[in-house]
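K.L.:
Handing over entry.cif, mmCIF, C-alpha atoms and all ligand atoms.
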```cif
data_protein
#
loop_
_atom_site.label_atom_id
_atom_site.label_comp_id
_atom_site.auth_asym_id
_atom_site.auth_seq_id
_atom_site.Cartn_x
_atom_site.Cartn_y
_atom_site.Cartn_z
CA MET N 743 30.74 59.05 -18.32
CA THR N 744 32.74 59.67 -15.24
CA SER N 745 30.70 59.06 -12.16
CA GLY N 746 27.85 57.16 -10.71
CA GLY N 747 25.72 57.20 -7.65
CA ALA N 748 25.63 54.47 -5.09
CA ALA N 749 26.15 50.97 -6.36
CA LEU N 750 23.34 49.61 -8.40
CA LEU N 751 22.39 46.93 -5.98
CA HIS N 752 18.71 47.13 -6.69
CA PRO N 753 17.73 44.70 -9.38
CA LEU N 754 17.63 46.13 -12.85
CA SER N 755 15.23 44.75 -15.33
CA LEU N 756 16.02 42.52 -18.20
CA SER N 757 13.08 40.81 -19.83
CA SER N 758 13.10 37.73 -17.66
CA ALA N 759 15.71 38.23 -14.98
CA HIS N 760 17.03 40.28 -12.10
CA VAL N 761 20.49 41.79 -12.25
CA ALA N 762 22.56 43.35 -9.48
CA PHE N 763 25.88 45.13 -9.89
CA THR N 764 27.45 45.54 -6.48
CA GLY N 765 30.03 48.16 -5.55
CA ARG N 766 32.17 49.30 -2.68
CA ALA N 767 29.16 49.71 -0.38
CA GLU N 768 28.32 46.01 -0.56
CA GLY N 769 31.91 45.02 0.21
CA ASP N 770 34.40 42.58 -1.27
CA MET N 771 32.66 39.80 -3.19
CA GLY N 772 35.88 38.15 -4.34
CA HIS N 773 37.65 35.06 -3.10
CA GLY N 774 41.06 36.70 -2.98
CA GLY N 775 44.03 34.44 -3.50
CA GLY N 776 42.62 31.55 -1.51
CA PRO N 777 41.20 28.26 -2.71
CA VAL N 778 38.11 29.16 -4.69
CA ARG N 779 36.02 26.33 -3.29
CA ASP N 780 36.51 27.61 0.24
CA VAL N 781 34.79 30.94 0.13
CA ARG N 782 35.34 32.79 3.37
CA PRO N 783 32.21 33.02 5.51
CA ASP N 784 32.18 36.82 5.40
CA VAL N 785 32.30 36.78 1.60
CA ALA N 786 29.59 34.14 1.41
CA ALA N 787 27.40 36.22 3.74
CA ARG N 788 27.90 39.34 1.63
CA ARG N 789 26.96 37.43 -1.49
CA ARG N 790 23.82 36.00 0.11
CA ALA N 791 22.87 39.51 1.26
CA VAL N 792 22.70 40.54 -2.40
CA VAL N 793 20.66 37.55 -3.48
CA ASP N 794 19.88 34.69 -1.13
CA LEU N 795 20.40 31.84 -3.56
CA PRO N 796 23.37 29.53 -4.05
CA TRP N 797 25.92 31.41 -6.16
CA THR N 798 27.87 30.07 -9.08
CA TRP N 799 31.02 32.16 -9.44
CA LEU N 800 34.08 31.46 -11.54
CA ARG N 801 37.82 31.24 -11.45
CA GLN N 802 38.30 33.76 -14.21
CA VAL N 803 41.26 33.54 -16.57
CA HIS N 804 40.50 36.10 -19.33
CA GLY N 805 39.51 33.34 -21.73
CA ALA N 806 36.37 32.37 -23.62
CA GLU N 807 35.23 29.28 -21.73
CA VAL N 808 31.53 29.21 -20.83
CA VAL N 809 30.08 27.03 -18.08
CA ARG N 810 26.50 25.74 -18.28
CA VAL N 811 24.72 25.46 -14.94
CA ASP N 812 21.82 23.03 -14.45
CA GLY N 813 21.08 23.65 -10.79
CA PRO N 814 21.62 26.20 -8.01
CA GLY N 815 25.29 26.51 -7.09
CA ASP N 816 26.47 24.09 -9.76
CA ALA N 817 30.02 24.51 -11.04
CA ALA N 818 30.96 27.05 -8.36
CA GLY N 819 34.64 27.85 -8.74
CA ALA N 820 34.92 26.45 -12.26
CA GLN N 821 37.65 27.87 -14.45
CA ALA N 822 35.77 29.92 -17.02
CA ASP N 823 34.87 33.50 -17.87
CA ALA N 824 31.15 33.17 -18.47
CA VAL N 825 28.25 31.15 -17.14
CA VAL N 826 24.78 30.49 -18.50
CA THR N 827 21.67 28.70 -17.27
CA ALA N 828 18.09 28.05 -18.27
CA GLU N 829 17.09 27.19 -14.71
CA ALA N 830 15.36 29.38 -12.15
CA GLY N 831 16.91 29.75 -8.71
CA CYS N 832 20.50 29.92 -9.94
CA ALA N 833 22.48 33.04 -9.03
CA ILE N 834 25.27 33.18 -11.60
CA ALA N 835 28.00 35.74 -11.16
CA VAL N 836 31.26 37.20 -12.32
CA LEU N 837 33.67 39.27 -10.23
CA THR N 838 35.36 42.38 -11.55
CA ALA N 839 37.44 45.41 -10.68
CA ASP N 840 37.70 47.22 -14.09
CA CYS N 841 36.85 44.46 -16.57
CA ALA N 842 33.32 44.68 -17.93
CA PRO N 843 30.60 42.48 -16.48
CA VAL N 844 27.94 41.70 -19.08
CA ALA N 845 24.53 40.37 -18.03
CA LEU N 846 22.37 38.71 -20.65
CA ALA N 847 18.81 37.41 -20.69
CA SER N 848 16.25 36.14 -23.14
CA ALA N 849 12.47 35.97 -23.04
CA GLU N 850 12.78 32.18 -22.89
CA GLY N 851 14.37 32.51 -19.46
CA VAL N 852 17.90 31.71 -20.50
CA ILE N 853 20.36 33.95 -18.65
CA GLY N 854 24.08 34.49 -18.75
CA VAL N 855 26.88 36.64 -17.38
CA ALA N 856 30.33 37.21 -18.81
CA HIS N 857 33.60 38.61 -17.48
CA ALA N 858 34.87 40.73 -20.34
CA GLY N 859 38.28 42.28 -20.14
CA TRP N 860 40.04 43.11 -23.36
CA ARG N 861 41.77 39.73 -23.62
CA GLY N 862 38.51 37.88 -23.11
CA VAL N 863 36.67 39.99 -25.65
CA VAL N 864 39.42 39.39 -28.20
CA ALA N 865 39.33 35.67 -27.33
CA GLY N 866 35.58 35.61 -28.09
CA VAL N 867 33.96 35.33 -24.67
CA ILE N 868 30.95 37.41 -25.72
CA ASP N 869 30.21 35.33 -28.81
CA ALA N 870 30.74 32.11 -26.88
CA THR N 871 28.27 33.21 -24.21
CA VAL N 872 25.61 34.19 -26.73
CA GLN N 873 26.02 30.91 -28.62
CA GLU N 874 25.73 28.87 -25.43
CA MET N 875 22.54 30.74 -24.57
CA ARG N 876 21.16 29.98 -28.04
CA ALA N 877 22.00 26.31 -27.50
CA LEU N 878 19.73 26.46 -24.45
CA GLY N 879 16.88 27.93 -26.47
CA ALA N 880 17.43 31.68 -26.30
CA THR N 881 16.25 33.62 -29.34
CA GLU N 882 16.29 37.37 -28.87
CA ILE N 883 18.85 38.29 -26.25
CA GLU N 884 19.13 41.46 -24.18
CA ALA N 885 22.46 42.58 -22.74
CA LEU N 886 23.47 45.00 -20.04
CA ILE N 887 27.06 46.24 -19.62
CA GLY N 888 27.90 46.99 -16.00
CA PRO N 889 30.48 49.09 -14.19
CA CYS N 890 33.88 48.93 -15.91
CA ILE N 891 36.85 51.10 -16.74
CA ARG N 892 36.02 53.71 -19.37
CA PRO N 893 38.28 55.16 -22.03
CA GLU N 894 38.99 58.43 -20.23
CA CYS N 895 40.80 56.36 -17.58
CA TYR N 896 42.10 53.48 -19.67
CA ALA N 897 45.48 54.33 -21.18
CA PHE N 898 46.39 51.46 -23.46
CA GLY N 899 49.57 50.36 -25.17
CA SER N 900 49.57 50.84 -28.93
CA ASP N 901 50.51 47.23 -29.70
CA ASP N 902 47.64 45.92 -27.61
CA LEU N 903 45.30 48.49 -29.10
CA GLU N 904 46.19 47.31 -32.61
CA GLN N 905 45.41 43.76 -31.53
CA VAL N 906 41.96 44.71 -30.25
CA ALA N 907 41.18 46.93 -33.25
CA ALA N 908 42.17 44.14 -35.64
CA VAL N 909 39.41 41.97 -34.15
CA LEU N 910 36.76 44.52 -33.20
CA GLY N 911 37.35 47.49 -35.47
CA ASP N 912 38.49 51.05 -35.07
CA GLY N 913 35.55 51.92 -32.82
CA VAL N 914 37.57 50.63 -29.89
CA ARG N 915 40.16 53.38 -30.28
CA ALA N 916 39.77 56.26 -27.88
CA THR N 917 41.71 58.86 -25.91
CA THR N 918 42.17 59.29 -22.19
CA SER N 919 41.34 62.52 -20.43
CA ALA N 920 45.10 63.15 -20.45
CA GLY N 921 45.24 62.73 -24.22
CA ASP N 922 46.87 59.31 -24.39
CA PRO N 923 45.74 56.39 -26.55
CA ALA N 924 42.96 54.49 -24.81
CA LEU N 925 40.81 51.44 -25.23
CA ASP N 926 37.05 51.89 -25.21
CA LEU N 927 36.24 48.59 -23.52
CA PRO N 928 32.45 49.02 -23.48
CA ALA N 929 32.57 49.83 -27.20
CA ALA N 930 34.53 46.62 -27.75
CA VAL N 931 31.92 44.67 -25.79
CA HIS N 932 29.07 46.32 -27.69
CA THR N 933 30.70 45.49 -31.02
CA ALA N 934 31.16 41.88 -29.94
CA LEU N 935 27.52 41.64 -28.83
CA VAL N 936 26.25 42.93 -32.17
CA ALA N 937 28.64 40.65 -34.06
CA ALA N 938 27.18 37.74 -32.07
CA GLY N 939 23.71 38.66 -33.29
CA VAL N 940 22.38 40.71 -30.38
CA ASP N 941 20.15 43.51 -31.66
CA PRO N 942 21.84 46.87 -30.93
CA SER N 943 18.54 48.17 -29.58
CA ALA N 944 18.55 45.35 -27.01
CA THR N 945 21.85 46.41 -25.49
CA ALA N 946 22.29 48.87 -22.66
CA ASP N 947 25.20 50.20 -20.65
CA ILE N 948 24.93 51.60 -17.16
CA GLY N 949 27.77 53.96 -18.05
CA VAL N 950 29.73 53.94 -14.81
CA CYS N 951 33.54 54.05 -14.72
CA THR N 952 35.12 51.94 -11.98
CA ALA N 953 38.35 53.93 -12.14
CA CYS N 954 36.96 57.41 -11.52
CA SER N 955 33.83 56.60 -9.53
CA PRO N 956 34.59 56.32 -5.81
CA HIS N 957 31.78 53.81 -5.46
CA TYR N 958 33.58 50.89 -7.12
CA PHE N 959 36.76 48.90 -6.66
CA SER N 960 39.44 49.54 -9.30
CA TRP N 961 42.64 47.61 -9.85
CA ARG N 962 43.97 50.03 -12.44
CA ALA N 963 43.22 53.25 -10.58
CA ARG N 964 43.82 52.24 -6.98
CA GLY N 965 45.46 48.82 -7.02
CA GLU N 966 42.50 47.39 -5.14
CA LEU N 967 42.31 43.62 -4.73
CA GLN N 968 38.64 43.57 -3.79
CA ARG N 969 36.04 42.63 -6.36
CA GLN N 970 32.52 43.74 -7.11
CA ALA N 971 29.98 41.23 -8.36
CA ALA N 972 27.62 41.16 -11.28
CA VAL N 973 24.94 38.60 -10.51
CA ILE N 974 21.89 37.60 -12.49
CA TRP N 975 19.06 35.29 -11.53
CA ARG N 976 15.40 34.60 -12.05
ZN ZN A 1001 36.94 57.00 -15.54
#
```
Could you spell out this file's structure in structure tokens?
Ligand SMILES: [Zn+2]

P.N.:
Amino acid sequence: MTSGGAALLHPLSLSSAHVAFTGRAEGDMGHGGGPVRDVRPDVAARRRAVVDLPWTWLRQVHGAEVVRVDGPGDAAGAQADAVVTAEAGCAIAVLTADCAPVALASAEGVIGVAHAGWRGVVAGVIDATVQEMRALGATEIEALIGPCIRPECYAFGSDDLEQVAAVLGDGVRATTSAGDPALDLPAAVHTALVAAGVDPSATADIGVCTACSPHYFSWRARGELQRQAAVIWR
């Protein structure tokens, strides 16, 4: 899919949680190159305008580390690519500008969110997130894939594509609108979710491409340094 409407700020429904995917309209949610523990006041205000709870965000490194949060705002700025909690009142978030944000929730009230670029997916960030949720008591898990770059815009080197396909299968191979080899990142995420035991019928994808929708920041398409947020809470 190639376009989307305004950013999906309004909470979407997972079984036991609220999810918001911000976009350009909500402004830069990222911490730029500065010290991650000193979030600029304007960024903090924009985050609280989305959900007025203490946020746990991450210093993302395209790995598979998952942080467990036991209270509101815990572990803010931790180096990791996913965060989970079983507690209410915790706004847990990842920041993206083409990588896939994945929000997860279970009926038991365990929630999670993962930053899933291709390196992180290959490294196992989706499986690690699901397993950490299970360790907190989650049984059946729902997942929602947010705004990310889509294959029509995601030309991908053949060596890297072989690496992803070796882990996640040939379903990740795609073609750009210009006819070049592409990675289907949401397909890679979906495959990883199912491999981690998430029922395919419990997965959804909002289907918006950050690169060709004007409503989202994109590093690949426009070299933008701003970040949109995917935040989940209950
Ligand atoms: Zn696109």

K.L.:
Got a sec to check which residues lie within 7 Å of ligand ZN 1001 (chain A), using only C-alpha atoms and all ligand atoms, and send them as an MDAnalysis selection string?

P.N.:
chainID N and resid 744 891:895 951:955

K.L.:
I'd like the contact shell of N:Val844 - 7 Å cut-off, all atoms listed in the file, skipping same-chain residues fewer than 2 positions apart - returned as a list in words.

P.N.:
Ala842, Leu846, Val855, Ala856, His857, Ala885, Leu886, Ile887 and Gly888 of chain N

K.L.:
Restricted to C-alpha atoms, what would the selected residues look like written as a compact mmCIF listing (two decimals), in the frame of the given file?

P.N.:
```
# COMPACT_ATOMS: atom_id res chain seq x y z
CA ALA N 842 33.32 44.68 -17.93
CA LEU N 846 22.37 38.71 -20.65
CA VAL N 855 26.88 36.64 -17.38
CA ALA N 856 30.33 37.21 -18.81
CA HIS N 857 33.60 38.61 -17.48
CA ALA N 885 22.46 42.58 -22.74
CA LEU N 886 23.47 45.00 -20.04
CA ILE N 887 27.06 46.24 -19.62
CA GLY N 888 27.90 46.99 -16.00
```

K.L.:
Which residue, N:Arg782, N:Glu829, N:His804, N:Ala839, has the smallest gap to N:Gly965 when you use all atoms listed in the file?

P.N.:
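Of N:Arg782, N:Glu829, N:His804, N:Ala839, the one nearest N:Gly965 is N:Ala839, counting all atoms listed in the file.
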
K.L.:
If you measure from atom CA of N:Val936 to atom CA of N:Gly921, what distance in Å do you get, rounded to one decimal?

P.N.:
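We find that atom CA of N:Val936 and atom CA of N:Gly921 lie 28.6 Å from each other.
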
K.L.:
Extract, using all atoms listed in the file, all DNA, RNA and protein residues at most 10 Å from stretch 869-874 of chain N, discarding same-chain residues fewer than 4 positions from it, and format them as a PyMOL selection string.

P.N.:
chain N and resi 806-810+823-827+844+846-847+852-856+863+865+878-881+883+885+931+934-940

K.L.:
Please identify all polymer residues within 10 Å of stretch 785-795 of chain N, counting only C-alpha atoms, omitting same-chain residues fewer than 5 positions from it, and present them as a list in words.

P.N.:
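Here the answer would be Leu751, His752, Pro753, His760, Val761, Ala762, Phe763, Thr764, Glu768, Gly769, Asp770, Met771, Gly772, His773, Gly774, Asp780, Pro814, Gly815, Gly831, Cys832, Ala833, Ile834, Ala835, Ala971, Val973, Ile974 and Trp975 of chain N.
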
K.L.:
Provide the atom CA of N:Asp941 to atom CA of N:Pro928 distance in Å, to one decimal place.

P.N.:
15.8 Å

K.L.:
Pick out the closest residue to N:Leu903 from this set: N:Val864, N:Ala972, N:Leu837, N:Leu756. Count all atoms listed in the file.

P.N.:
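Ranking N:Val864, N:Ala972, N:Leu837, N:Leu756 by distance to N:Leu903, first place goes to N:Val864.
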
K.L.:
What does the distance from atom CA of N:Gln968 to atom CA of N:Thr838 come to in Å, to one decimal?

P.N.:
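We find that atom CA of N:Gln968 and atom CA of N:Thr838 lie 8.5 Å from each other.
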
K.L.:
Go through N:Glu884, N:Ala817, N:Gly949, N:His957 and flag the residue nearest N:Trp797, using only C-alpha atoms for the distances.

P.N.:
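So, comparing all the options, the nearest one is N:Ala817.
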
K.L.:
Find the residue from N:Pro843, N:Gly805, N:Pro956, N:Gly859 that sits nearest to N:Val906; use only C-alpha atoms when measuring.

P.N.:
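The answer is N:Gly859, which sits nearest to N:Val906.
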
K.L.:
Enclose the full set of atoms of stretch 848-855 of chain N listed in the file within a box whose edges lie along x, y and z, apply 3 Å of padding to each of the six sides, and report centre and edge lengths in Å to one decimal as lines of an AutoDock Vina configuration file.

P.N.:
```
center_x = 19.7
center_y = 34.2
center_z = -20.3
size_x = 20.4
size_y = 10.9
size_z = 11.8
```

K.L.:
Tell me which of N:Val803, N:Ile868, N:Ala767, N:Cys890 sits closest to N:Ser960, counting only C-alpha atoms.

P.N.:
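Ranking N:Val803, N:Ile868, N:Ala767, N:Cys890 by distance to N:Ser960, first place goes to N:Cys890.
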
K.L.:
Taking into account all atoms listed in the file, which residue in the set N:Ser900, N:Gln821, N:Ser848, N:Gln802 is nearest to N:Gly862?

P.N.:
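Counting all atoms listed in the file, the residue closest to N:Gly862 is N:Gln802.
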
K.L.:
Neighbours of N:Ala920 within 12 Å (all atoms listed in the file; same-chain residues fewer than 2 positions away dropped), as a short mmCIF file (atom, residue, chain, number, x, y, z; two decimals) with C-alpha atoms, in the frame of the given file?

P.N.:
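Here's the written file out30.cif:
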```cif
data_model
loop_
_atom_site.label_atom_id
_atom_site.label_comp_id
_atom_site.auth_asym_id
_atom_site.auth_seq_id
_atom_site.Cartn_x
_atom_site.Cartn_y
_atom_site.Cartn_z
CA PRO N 893 38.28 55.16 -22.03
CA GLU N 894 38.99 58.43 -20.23
CA CYS N 895 40.80 56.36 -17.58
CA TYR N 896 42.10 53.48 -19.67
CA ALA N 897 45.48 54.33 -21.18
CA ALA N 916 39.77 56.26 -27.88
CA THR N 917 41.71 58.86 -25.91
CA THR N 918 42.17 59.29 -22.19
CA ASP N 922 46.87 59.31 -24.39
CA PRO N 923 45.74 56.39 -26.55
CA ALA N 924 42.96 54.49 -24.81
#
```
